[in-house]
Amino acid sequence: MGSISDIIERLDPYTGIIVLAFAVLITIFAGFSKNNGIRISIIIINALAYAAAFYLIIYSFVEYGPRDGFLASVSLPELILSCIILFIGLNVLLFISISRFSDDSFIRIVILLTFSLIPVLSLIMADNMIFIFTAFALAILSIFTLISSLDKEIAGSGEAIGKFGIRTILPAALIFLGSSVLIGAGGAKNLSGYGSIESAADPLLLISAIVFACALYLYFFLYPFQGPYLKMARRISGGAVSVLWFLYMPAGIIMLIKFNRFFNIFIEENNIYAFIIITVFAFINLFGAGIGAIRAMSLKRILSMFLLFEIGTIVLIRSAGSTDIISSCFTGYYDLTVLIIILIVFLPLQLLIMLLEENTGKDIIAGASGLIYKNAYIGICTIIFFLWWIAANIYIFPFEKFISRSGLMSYGPHGLVLFIGYIMALLLMAANIFRVILVFFKKLPEMGEAKKYAVPRIFYAYISVFVMLALSVLILIIIGKMDIGQDHIKIWGSSFDIINSGN
Amino acid sequence: MSSELVFYIAMALFLISVFGLFVSADIVSVFIAYQLMAAAAIINFLNFSVYMEIGQLWIKVFLIIGLLTIYLMVFAVFFYIYSNTEMLERKTIIKDYRLFRLRKSDWWGEDNI
């Protein structure tokens with residue numbers, strides 16, 4: 001036992017990555033086997049590897065505490081993000097197993113999935129610029145490879161995936177260029193070396209910040225550069241969509257959290273021009289996503305718009321950070337909250353899309369007509385997710401400050417613009433959700449006797465877990481036992497300052 | 001040649017690459033724009049390595065790893081386009097790629113597939 005602890009201590013903080021690498025190695029031996037028994041055992045091995053990595057990361061942190069090395073640093077935010085990514089990996093494995101189990105290249109897909117988790121986990125703990133860049137670029141590369149492998153045989157998706165691939169090179173190239181300029185600004189090997197407000201006067205630092213911000217903006221496919229993402233999301237299968245939404249997007253949020261302290265140097269200056277630019281882009285996203293979803297017929301496209309809306313709120317939070325509404329130090333905290341909201345809401349909704357595609361053969365919204373009659377439980381759960389999503393978006397944005405303080409002008413014209421704009425965008429999104437819910441209640445004349453959808457029992461269990469999670473958060477907040485503030489989470493009297501715990 | 005002038009040249013290359021990305025619809029031009037961006041980064045790295053105390057080795061390692069990963073990404077995308085798409089689709093990707101496109105289907109409503 002002592003020797004095992006000794007090995008874990010020596011490998012820390014890379015234990016999780018090494019376990020995943022072993023799982024990849026073992027899976028390679030299964031090759032292209034078409035034997036169902038081998039395929040099931042591969043799923044089990046990889047799921048166990050994720051669970052083991054999950055356990056080892058927590059064990060190492062509890063046993064040896066935060067680490068701060070030359071390449072990597074691990075504190076509480078990194079621990080939470082690592083656990084979230086492994087949880088995502090487990091869910092995506094489930095989606096892929098459901099949708100592609102009979103595929104000839106199923107084992108190769110599982111290898112690529114586990115392999116793509118490795119750079120994302122590396123990105124979480126990376127502290128050195130070389131490590132951050134390499135992990136980021138390899139994460140993009142492996143996710144692209146995974147998506148292209150998942151949809152190899154699906155006609156029409158090739159063009160969209162190709163264009164998506166060409167676009168994903170751009171953020172990596174921009175980060176590379178930004179890093180080269182950053183070195184000229186002071187020569188620090190990691191981003192925390194540029195943490196003082198005095199640094200904001202350096203033009204090289206400003207150029208690199210603009211280049212990094214553009215890279216991340218392009219990475220998320222935010223408006224007006226959304227084309228490849230929306231086109232691809234419509235054309236690819238359910239398994240590939242889950243990789244796009246739950247691996248590609250979270251990897252970007254992780255990268256954003258990494259760069260937060262660096263961006264905050266400029267946000268804290270309260271520059272009016274910066275505020276205007278960030279606010280304009282934030283509202284283009286929020287309203288673009290809302291307007292685009294109104295006319296969309298494809299469920300995947302509608303949910304892709306909703307996801308862009310959620311990422312748009314991240315941009316809006318930066319805008320709020322450049323005023324006094326929230327402290328810019330806590331923008332990373334909001335990013336983490338947004339990531340958790342995306343997981344709680346979109347993971348089960350993704351499963352719903354796969355279910356509808358399986359039952360109707362298409363993903364258009366009309367396929368969901370009468371869902372409430374065909375499967376009342378799934379229909380009600382979906383409505384709960386949609387309503388919870390809107391409620392969560394209202395809750396995390398600091399509305400209460402406008403109401404509890406001296407009035408709408410308490411934060412000046414900046415605050416008022418953000419407040420009114422965000423309310424209008426939320427109303428637009430609520431209208432979209434209302435439209436989708438109406439379709440669930442729509443009974444088509446040709447439907448006749450409502451035929452129930454064939455839903456495996458695991459679907460019920462899966463969706464129930466997420467509904468309970470969402471409702472428990474809601475109930476805890478309503479009864480006052482949970483408080484998600486600007487800089488902390490308070491549960492039953494215990495307060496956790498997640499983002500600053502490692503500082 | 002002063003360090004400042006070299007930096008301006010690198011930034012000029014970067015701006016040309018951004019211009020190329022916005023203007024060109026041909027995938028080859030897009031990849032050339034990426035190459036220009038990488039070239040600008042290389043010039044910056046080498047330029048600053050002369051004056052910085054950060055350590056020549058660290059900068060060289062970053063330069064090599066960065067270039068390798070970017071070229072790997074370019075190769076992967078090219079390989080995908082040439083090995084997994086039909087001839088017609090390939091022509092569409094090669095001749096009809098734009099970074100920014102103001103099309104109705106992207107902004108308002110459905111795209112036909």
# chains A, B, ... in the order shown; residues from 1 in each chain; ligands from 1

$ residues_around --residues "stretch 23-37 of chain B" --least-positions-apart "6" --cutoff "6 Å" --atoms "only C-alpha atoms" --output "list in words"
Phe14, Ser17, Ile94, Lys95, Asp96, Tyr97 and Arg98 of chain B

$ write_last_selection --atoms "N, CA and C atoms" --output "PDB file, in the first residue's frame"
ATOM      1  N   PHE B  14       1.438  39.814 -40.218  1.00  0.00           N
ATOM      2  CA  PHE B  14       0.216  39.358 -39.539  1.00  0.00           C
ATOM      3  C   PHE B  14      -1.024  40.025 -40.145  1.00  0.00           C
ATOM      4  N   SER B  17      -1.875  38.584 -43.400  1.00  0.00           N
ATOM      5  CA  SER B  17      -2.519  37.269 -43.246  1.00  0.00           C
ATOM      6  C   SER B  17      -3.991  37.439 -42.855  1.00  0.00           C
ATOM      7  N   ILE B  94     -12.639  23.417 -51.191  1.00  0.00           N
ATOM      8  CA  ILE B  94     -11.411  24.078 -51.647  1.00  0.00           C
ATOM      9  C   ILE B  94     -11.697  25.453 -52.238  1.00  0.00           C
ATOM     10  N   LYS B  95     -12.813  25.561 -52.941  1.00  0.00           N
ATOM     11  CA  LYS B  95     -13.076  26.826 -53.642  1.00  0.00           C
ATOM     12  C   LYS B  95     -14.073  27.733 -52.934  1.00  0.00           C
ATOM     13  N   ASP B  96     -14.677  27.260 -51.883  1.00  0.00           N
ATOM     14  CA  ASP B  96     -15.757  28.042 -51.288  1.00  0.00           C
ATOM     15  C   ASP B  96     -15.617  28.102 -49.774  1.00  0.00           C
ATOM     16  N   TYR B  97     -14.492  28.597 -49.305  1.00  0.00           N
ATOM     17  CA  TYR B  97     -14.319  28.760 -47.869  1.00  0.00           C
ATOM     18  C   TYR B  97     -14.146  30.244 -47.553  1.00  0.00           C
ATOM     19  N   ARG B  98     -14.935  30.739 -46.654  1.00  0.00           N
ATOM     20  CA  ARG B  98     -14.759  32.131 -46.227  1.00  0.00           C
ATOM     21  C   ARG B  98     -14.834  32.204 -44.707  1.00  0.00           C
TER      22      ARG B  98
END

$ atom_distance --atom1 "atom CA of B:Ala39" --atom2 "atom CA of A:Ala173"
10.3 Å

$ select_by_dssp --residues "stretch 59-109 of chain B" --states "helix (DSSP H, G or I)" --output "PDB file with N, CA and C atoms, in the first residue's frame"
ATOM      1  N   ILE B  59      12.605  29.643 -25.508  1.00  0.00           N
ATOM      2  CA  ILE B  59      11.973  30.233 -26.693  1.00  0.00           C
ATOM      3  C   ILE B  59      12.083  29.299 -27.896  1.00  0.00           C
ATOM      4  N   LYS B  60      13.260  28.672 -28.044  1.00  0.00           N
ATOM      5  CA  LYS B  60      13.436  27.759 -29.185  1.00  0.00           C
ATOM      6  C   LYS B  60      12.515  26.549 -29.068  1.00  0.00           C
ATOM      7  N   VAL B  61      12.391  26.043 -27.835  1.00  0.00           N
ATOM      8  CA  VAL B  61      11.496  24.888 -27.624  1.00  0.00           C
ATOM      9  C   VAL B  61      10.057  25.284 -27.968  1.00  0.00           C
ATOM     10  N   PHE B  62       9.643  26.449 -27.514  1.00  0.00           N
ATOM     11  CA  PHE B  62       8.286  26.935 -27.821  1.00  0.00           C
ATOM     12  C   PHE B  62       8.099  27.046 -29.333  1.00  0.00           C
ATOM     13  N   LEU B  63       9.106  27.618 -29.978  1.00  0.00           N
ATOM     14  CA  LEU B  63       9.043  27.826 -31.427  1.00  0.00           C
ATOM     15  C   LEU B  63       8.873  26.503 -32.171  1.00  0.00           C
ATOM     16  N   ILE B  64       9.692  25.527 -31.812  1.00  0.00           N
ATOM     17  CA  ILE B  64       9.645  24.237 -32.511  1.00  0.00           C
ATOM     18  C   ILE B  64       8.331  23.515 -32.229  1.00  0.00           C
ATOM     19  N   ILE B  65       7.959  23.446 -30.942  1.00  0.00           N
ATOM     20  CA  ILE B  65       6.719  22.730 -30.593  1.00  0.00           C
ATOM     21  C   ILE B  65       5.510  23.431 -31.219  1.00  0.00           C
ATOM     22  N   GLY B  66       5.502  24.756 -31.158  1.00  0.00           N
ATOM     23  CA  GLY B  66       4.385  25.506 -31.733  1.00  0.00           C
ATOM     24  C   GLY B  66       4.233  25.272 -33.218  1.00  0.00           C
ATOM     25  N   LEU B  67       5.332  25.351 -33.927  1.00  0.00           N
ATOM     26  CA  LEU B  67       5.280  25.129 -35.379  1.00  0.00           C
ATOM     27  C   LEU B  67       4.847  23.706 -35.714  1.00  0.00           C
ATOM     28  N   LEU B  68       5.407  22.749 -34.970  1.00  0.00           N
ATOM     29  CA  LEU B  68       5.052  21.347 -35.220  1.00  0.00           C
ATOM     30  C   LEU B  68       3.557  21.120 -35.041  1.00  0.00           C
ATOM     31  N   THR B  69       3.005  21.669 -33.958  1.00  0.00           N
ATOM     32  CA  THR B  69       1.571  21.438 -33.705  1.00  0.00           C
ATOM     33  C   THR B  69       0.707  22.119 -34.770  1.00  0.00           C
ATOM     34  N   ILE B  70       1.082  23.326 -35.163  1.00  0.00           N
ATOM     35  CA  ILE B  70       0.269  24.014 -36.178  1.00  0.00           C
ATOM     36  C   ILE B  70       0.326  23.262 -37.514  1.00  0.00           C
ATOM     37  N   TYR B  71       1.524  22.823 -37.884  1.00  0.00           N
ATOM     38  CA  TYR B  71       1.643  22.061 -39.143  1.00  0.00           C
ATOM     39  C   TYR B  71       0.909  20.728 -39.058  1.00  0.00           C
ATOM     40  N   LEU B  72       0.914  20.141 -37.867  1.00  0.00           N
ATOM     41  CA  LEU B  72       0.175  18.887 -37.660  1.00  0.00           C
ATOM     42  C   LEU B  72      -1.324  19.108 -37.866  1.00  0.00           C
ATOM     43  N   MET B  73      -1.802  20.222 -37.362  1.00  0.00           N
ATOM     44  CA  MET B  73      -3.228  20.544 -37.526  1.00  0.00           C
ATOM     45  C   MET B  73      -3.565  20.762 -39.001  1.00  0.00           C
ATOM     46  N   VAL B  74      -2.705  21.523 -39.678  1.00  0.00           N
ATOM     47  CA  VAL B  74      -2.934  21.781 -41.112  1.00  0.00           C
ATOM     48  C   VAL B  74      -2.936  20.455 -41.876  1.00  0.00           C
ATOM     49  N   PHE B  75      -1.971  19.602 -41.541  1.00  0.00           N
ATOM     50  CA  PHE B  75      -1.872  18.305 -42.214  1.00  0.00           C
ATOM     51  C   PHE B  75      -3.127  17.472 -41.971  1.00  0.00           C
ATOM     52  N   ALA B  76      -3.602  17.463 -40.705  1.00  0.00           N
ATOM     53  CA  ALA B  76      -4.777  16.648 -40.359  1.00  0.00           C
ATOM     54  C   ALA B  76      -5.998  17.094 -41.152  1.00  0.00           C
ATOM     55  N   VAL B  77      -6.190  18.405 -41.269  1.00  0.00           N
ATOM     56  CA  VAL B  77      -7.357  18.919 -41.990  1.00  0.00           C
ATOM     57  C   VAL B  77      -7.236  18.597 -43.487  1.00  0.00           C
ATOM     58  N   PHE B  78      -6.048  18.804 -44.035  1.00  0.00           N
ATOM     59  CA  PHE B  78      -5.822  18.484 -45.452  1.00  0.00           C
ATOM     60  C   PHE B  78      -6.050  16.995 -45.715  1.00  0.00           C
ATOM     61  N   PHE B  79      -5.513  16.195 -44.827  1.00  0.00           N
ATOM     62  CA  PHE B  79      -5.668  14.733 -44.963  1.00  0.00           C
ATOM     63  C   PHE B  79      -7.151  14.351 -44.931  1.00  0.00           C
ATOM     64  N   TYR B  80      -7.891  14.984 -44.015  1.00  0.00           N
ATOM     65  CA  TYR B  80      -9.330  14.686 -43.918  1.00  0.00           C
ATOM     66  C   TYR B  80     -10.030  15.050 -45.224  1.00  0.00           C
ATOM     67  N   ILE B  81      -9.733  16.258 -45.720  1.00  0.00           N
ATOM     68  CA  ILE B  81     -10.424  16.729 -46.928  1.00  0.00           C
ATOM     69  C   ILE B  81     -10.129  15.809 -48.115  1.00  0.00           C
ATOM     70  N   TYR B  82      -8.872  15.376 -48.236  1.00  0.00           N
ATOM     71  CA  TYR B  82      -8.506  14.572 -49.401  1.00  0.00           C
ATOM     72  C   TYR B  82      -8.819  13.093 -49.262  1.00  0.00           C
ATOM     73  N   SER B  83      -9.008  12.605 -48.057  1.00  0.00           N
ATOM     74  CA  SER B  83      -9.238  11.174 -47.921  1.00  0.00           C
ATOM     75  C   SER B  83     -10.685  10.823 -47.617  1.00  0.00           C
ATOM     76  N   ASN B  84     -11.441  11.749 -47.046  1.00  0.00           N
ATOM     77  CA  ASN B  84     -12.777  11.379 -46.586  1.00  0.00           C
ATOM     78  C   ASN B  84     -13.918  12.059 -47.305  1.00  0.00           C
ATOM     79  N   MET B  87     -15.304  13.848 -54.450  1.00  0.00           N
ATOM     80  CA  MET B  87     -14.692  14.855 -55.312  1.00  0.00           C
ATOM     81  C   MET B  87     -15.498  16.164 -55.329  1.00  0.00           C
ATOM     82  N   LEU B  88     -16.837  16.041 -55.418  1.00  0.00           N
ATOM     83  CA  LEU B  88     -17.679  17.241 -55.499  1.00  0.00           C
ATOM     84  C   LEU B  88     -17.595  18.064 -54.219  1.00  0.00           C
ATOM     85  N   GLU B  89     -17.682  17.347 -53.096  1.00  0.00           N
ATOM     86  CA  GLU B  89     -17.593  18.029 -51.794  1.00  0.00           C
ATOM     87  C   GLU B  89     -16.238  18.709 -51.642  1.00  0.00           C
ATOM     88  N   ARG B  90     -15.206  17.991 -52.094  1.00  0.00           N
ATOM     89  CA  ARG B  90     -13.839  18.517 -51.958  1.00  0.00           C
ATOM     90  C   ARG B  90     -13.702  19.846 -52.712  1.00  0.00           C
ATOM     91  N   LYS B  91     -14.293  19.866 -53.915  1.00  0.00           N
ATOM     92  CA  LYS B  91     -14.231  21.098 -54.716  1.00  0.00           C
ATOM     93  C   LYS B  91     -14.914  22.235 -53.985  1.00  0.00           C
ATOM     94  N   THR B  92     -16.047  21.907 -53.315  1.00  0.00           N
ATOM     95  CA  THR B  92     -16.776  22.946 -52.582  1.00  0.00           C
ATOM     96  C   THR B  92     -15.911  23.500 -51.458  1.00  0.00           C
ATOM     97  N   ILE B  93     -15.252  22.588 -50.741  1.00  0.00           N
ATOM     98  CA  ILE B  93     -14.445  23.067 -49.613  1.00  0.00           C
ATOM     99  C   ILE B  93     -13.281  23.899 -50.124  1.00  0.00           C
ATOM    100  N   ILE B  94     -12.639  23.417 -51.191  1.00  0.00           N
ATOM    101  CA  ILE B  94     -11.411  24.078 -51.647  1.00  0.00           C
ATOM    102  C   ILE B  94     -11.697  25.453 -52.238  1.00  0.00           C
ATOM    103  N   LYS B  95     -12.813  25.561 -52.941  1.00  0.00           N
ATOM    104  CA  LYS B  95     -13.076  26.826 -53.642  1.00  0.00           C
ATOM    105  C   LYS B  95     -14.073  27.733 -52.934  1.00  0.00           C
ATOM    106  N   LYS B 104     -28.001  34.679 -45.252  1.00  0.00           N
ATOM    107  CA  LYS B 104     -29.281  34.646 -44.552  1.00  0.00           C
ATOM    108  C   LYS B 104     -29.426  33.367 -43.729  1.00  0.00           C
ATOM    109  N   SER B 105     -28.959  32.251 -44.320  1.00  0.00           N
ATOM    110  CA  SER B 105     -29.168  30.969 -43.640  1.00  0.00           C
ATOM    111  C   SER B 105     -28.391  30.883 -42.326  1.00  0.00           C
ATOM    112  N   ASP B 106     -27.278  31.613 -42.255  1.00  0.00           N
ATOM    113  CA  ASP B 106     -26.495  31.582 -41.021  1.00  0.00           C
ATOM    114  C   ASP B 106     -27.124  32.434 -39.921  1.00  0.00           C
ATOM    115  N   TRP B 107     -27.802  33.484 -40.337  1.00  0.00           N
ATOM    116  CA  TRP B 107     -28.283  34.448 -39.353  1.00  0.00           C
ATOM    117  C   TRP B 107     -29.760  34.310 -39.058  1.00  0.00           C
TER     118      TRP B 107
END

$ atom_distance --atom1 "atom CA of A:Pro250" --atom2 "atom CA of A:Leu339"
6.7 Å

$ closest_residue --among "B:Ile16, B:Asn44, B:Leu5, B:Val50" --to "chain A" --atoms "only C-alpha atoms"
B:Asn44

$ residues_around --residues "A:Val315" --least-positions-apart "2" --cutoff "10 Å" --atoms "only C-alpha atoms" --output "VMD selection string"
chain A and resid 217 222 278 to 283 285 to 286 309 to 313 317 to 321 331 335

$ atom_distance --atom1 "atom CA of A:Ile236" --atom2 "atom CA of A:Ser148"
9.3 Å

$ residues_around --residues "A:Leu20" --least-positions-apart "3" --cutoff "6 Å" --atoms "only C-alpha atoms" --output "VMD selection string"
chain A and resid 17 23 49

$ residues_around --residues "A:Ala368" --least-positions-apart "3" --cutoff "9 Å" --atoms "only C-alpha atoms" --output "ChimeraX atom specification"
/A:299,356,360,363-365,371-372,436,439-440,442

$ write_last_selection --atoms "N, CA and C atoms" --output "JSON list (two decimals), in the first residue's frame"
[["chain", "number", "residue", "atom", "x", "y", "z"],
["A", 299, "LEU", "N", -33.83, 20.71, -34.43],
["A", 299, "LEU", "CA", -33.64, 20.76, -32.98],
["A", 299, "LEU", "C", -32.17, 20.97, -32.61],
["A", 356, "LEU", "N", -35.23, 11.35, -30.26],
["A", 356, "LEU", "CA", -36.16, 11.75, -31.31],
["A", 356, "LEU", "C", -35.66, 11.31, -32.68],
["A", 360, "THR", "N", -37.96, 9.09, -34.97],
["A", 360, "THR", "CA", -38.59, 9.71, -36.14],
["A", 360, "THR", "C", -37.68, 9.71, -37.36],
["A", 363, "ASP", "N", -34.31, 15.22, -37.21],
["A", 363, "ASP", "CA", -34.19, 16.01, -35.99],
["A", 363, "ASP", "C", -34.96, 17.32, -36.07],
["A", 364, "ILE", "N", -35.96, 17.38, -36.95],
["A", 364, "ILE", "CA", -36.73, 18.63, -37.04],
["A", 364, "ILE", "C", -37.67, 18.74, -35.85],
["A", 365, "ILE", "N", -38.00, 19.97, -35.53],
["A", 365, "ILE", "CA", -38.79, 20.22, -34.32],
["A", 365, "ILE", "C", -40.19, 19.60, -34.42],
["A", 371, "LEU", "N", -45.04, 15.37, -27.97],
["A", 371, "LEU", "CA", -44.13, 14.60, -27.11],
["A", 371, "LEU", "C", -44.77, 14.35, -25.74],
["A", 372, "ILE", "N", -45.51, 15.35, -25.28],
["A", 372, "ILE", "CA", -46.11, 15.25, -23.94],
["A", 372, "ILE", "C", -47.14, 14.12, -23.89],
["A", 436, "VAL", "N", -40.86, 26.03, -28.37],
["A", 436, "VAL", "CA", -40.52, 24.60, -28.33],
["A", 436, "VAL", "C", -41.52, 23.85, -27.44],
["A", 439, "VAL", "N", -44.78, 23.21, -29.13],
["A", 439, "VAL", "CA", -44.71, 22.08, -30.07],
["A", 439, "VAL", "C", -44.91, 20.76, -29.32],
["A", 440, "PHE", "N", -44.38, 20.67, -28.09],
["A", 440, "PHE", "CA", -44.56, 19.44, -27.31],
["A", 440, "PHE", "C", -46.04, 19.15, -27.05],
["A", 442, "LYS", "N", -48.51, 20.19, -29.04],
["A", 442, "LYS", "CA", -49.28, 20.23, -30.29],
["A", 442, "LYS", "C", -49.66, 18.81, -30.70]]

$ closest_residue --among "A:Ile107, A:Cys329, A:Met255, A:Ile384" --to "A:Leu471" --atoms "only C-alpha atoms"
A:Ile384

$ decode --residues "stretch 22-31 of chain A" --atoms "all heavy atoms" --output "mmCIF file, in the first residue's frame"
data_model
loop_
_atom_site.group_PDB
_atom_site.id
_atom_site.type_symbol
_atom_site.label_atom_id
_atom_site.label_comp_id
_atom_site.auth_asym_id
_atom_site.auth_seq_id
_atom_site.Cartn_x
_atom_site.Cartn_y
_atom_site.Cartn_z
ATOM 1 N N PHE A 22 -3.007 4.644 -20.148
ATOM 2 C CA PHE A 22 -3.022 3.180 -20.041
ATOM 3 C C PHE A 22 -4.276 2.594 -20.674
ATOM 4 O O PHE A 22 -4.226 1.563 -21.352
ATOM 5 C CB PHE A 22 -2.924 2.760 -18.568
ATOM 6 C CG PHE A 22 -1.508 2.439 -18.156
ATOM 7 C CD1 PHE A 22 -0.842 3.243 -17.252
ATOM 8 C CD2 PHE A 22 -0.847 1.330 -18.687
ATOM 9 C CE1 PHE A 22 0.467 2.978 -16.886
ATOM 10 C CE2 PHE A 22 0.457 1.050 -18.322
ATOM 11 C CZ PHE A 22 1.123 1.878 -17.419
ATOM 12 N N ALA A 23 -5.403 3.283 -20.434
ATOM 13 C CA ALA A 23 -6.669 2.813 -21.020
ATOM 14 C C ALA A 23 -6.587 2.835 -22.546
ATOM 15 O O ALA A 23 -7.054 1.899 -23.216
ATOM 16 C CB ALA A 23 -7.818 3.689 -20.537
ATOM 17 N N VAL A 24 -5.953 3.876 -23.093
ATOM 18 C CA VAL A 24 -5.777 3.962 -24.556
ATOM 19 C C VAL A 24 -4.926 2.793 -25.031
ATOM 20 O O VAL A 24 -5.248 2.115 -26.023
ATOM 21 C CB VAL A 24 -5.124 5.306 -24.949
ATOM 22 C CG1 VAL A 24 -4.726 5.305 -26.419
ATOM 23 C CG2 VAL A 24 -6.065 6.460 -24.683
ATOM 24 N N LEU A 25 -3.854 2.531 -24.302
ATOM 25 C CA LEU A 25 -2.927 1.449 -24.672
ATOM 26 C C LEU A 25 -3.634 0.098 -24.700
ATOM 27 O O LEU A 25 -3.489 -0.691 -25.644
ATOM 28 C CB LEU A 25 -1.764 1.430 -23.672
ATOM 29 C CG LEU A 25 -0.565 0.590 -24.050
ATOM 30 C CD1 LEU A 25 0.154 1.209 -25.231
ATOM 31 C CD2 LEU A 25 0.381 0.472 -22.862
ATOM 32 N N ILE A 26 -4.437 -0.162 -23.666
ATOM 33 C CA ILE A 26 -5.162 -1.438 -23.599
ATOM 34 C C ILE A 26 -6.178 -1.513 -24.731
ATOM 35 O O ILE A 26 -6.331 -2.543 -25.383
ATOM 36 C CB ILE A 26 -5.854 -1.586 -22.219
ATOM 37 C CG1 ILE A 26 -4.798 -1.691 -21.111
ATOM 38 C CG2 ILE A 26 -6.766 -2.803 -22.190
ATOM 39 C CD1 ILE A 26 -5.344 -1.528 -19.716
ATOM 40 N N THR A 27 -6.873 -0.388 -24.979
ATOM 41 C CA THR A 27 -7.920 -0.379 -26.015
ATOM 42 C C THR A 27 -7.333 -0.631 -27.400
ATOM 43 O O THR A 27 -7.994 -1.244 -28.248
ATOM 44 C CB THR A 27 -8.685 0.966 -25.991
ATOM 45 O OG1 THR A 27 -8.989 1.279 -24.645
ATOM 46 C CG2 THR A 27 -9.972 0.896 -26.765
ATOM 47 N N ILE A 28 -6.119 -0.175 -27.615
ATOM 48 C CA ILE A 28 -5.479 -0.369 -28.934
ATOM 49 C C ILE A 28 -5.398 -1.861 -29.280
ATOM 50 O O ILE A 28 -5.594 -2.254 -30.432
ATOM 51 C CB ILE A 28 -4.074 0.278 -28.944
ATOM 52 C CG1 ILE A 28 -4.210 1.800 -29.056
ATOM 53 C CG2 ILE A 28 -3.229 -0.232 -30.113
ATOM 54 C CD1 ILE A 28 -2.920 2.557 -28.865
ATOM 55 N N PHE A 29 -5.189 -2.698 -28.262
ATOM 56 C CA PHE A 29 -5.051 -4.141 -28.526
ATOM 57 C C PHE A 29 -6.347 -4.761 -29.048
ATOM 58 O O PHE A 29 -6.324 -5.826 -29.646
ATOM 59 C CB PHE A 29 -4.592 -4.863 -27.258
ATOM 60 C CG PHE A 29 -3.136 -4.605 -26.953
ATOM 61 C CD1 PHE A 29 -2.755 -3.770 -25.935
ATOM 62 C CD2 PHE A 29 -2.150 -5.205 -27.731
ATOM 63 C CE1 PHE A 29 -1.428 -3.514 -25.668
ATOM 64 C CE2 PHE A 29 -0.812 -4.955 -27.481
ATOM 65 C CZ PHE A 29 -0.438 -4.104 -26.452
ATOM 66 N N ALA A 30 -7.478 -4.096 -28.777
ATOM 67 C CA ALA A 30 -8.748 -4.638 -29.278
ATOM 68 C C ALA A 30 -8.892 -4.391 -30.776
ATOM 69 O O ALA A 30 -9.729 -5.016 -31.439
ATOM 70 C CB ALA A 30 -9.899 -3.993 -28.531
ATOM 71 N N GLY A 31 -8.081 -3.475 -31.291
ATOM 72 C CA GLY A 31 -8.046 -3.213 -32.734
ATOM 73 C C GLY A 31 -9.401 -2.883 -33.311
ATOM 74 O O GLY A 31 -10.121 -2.057 -32.772
#
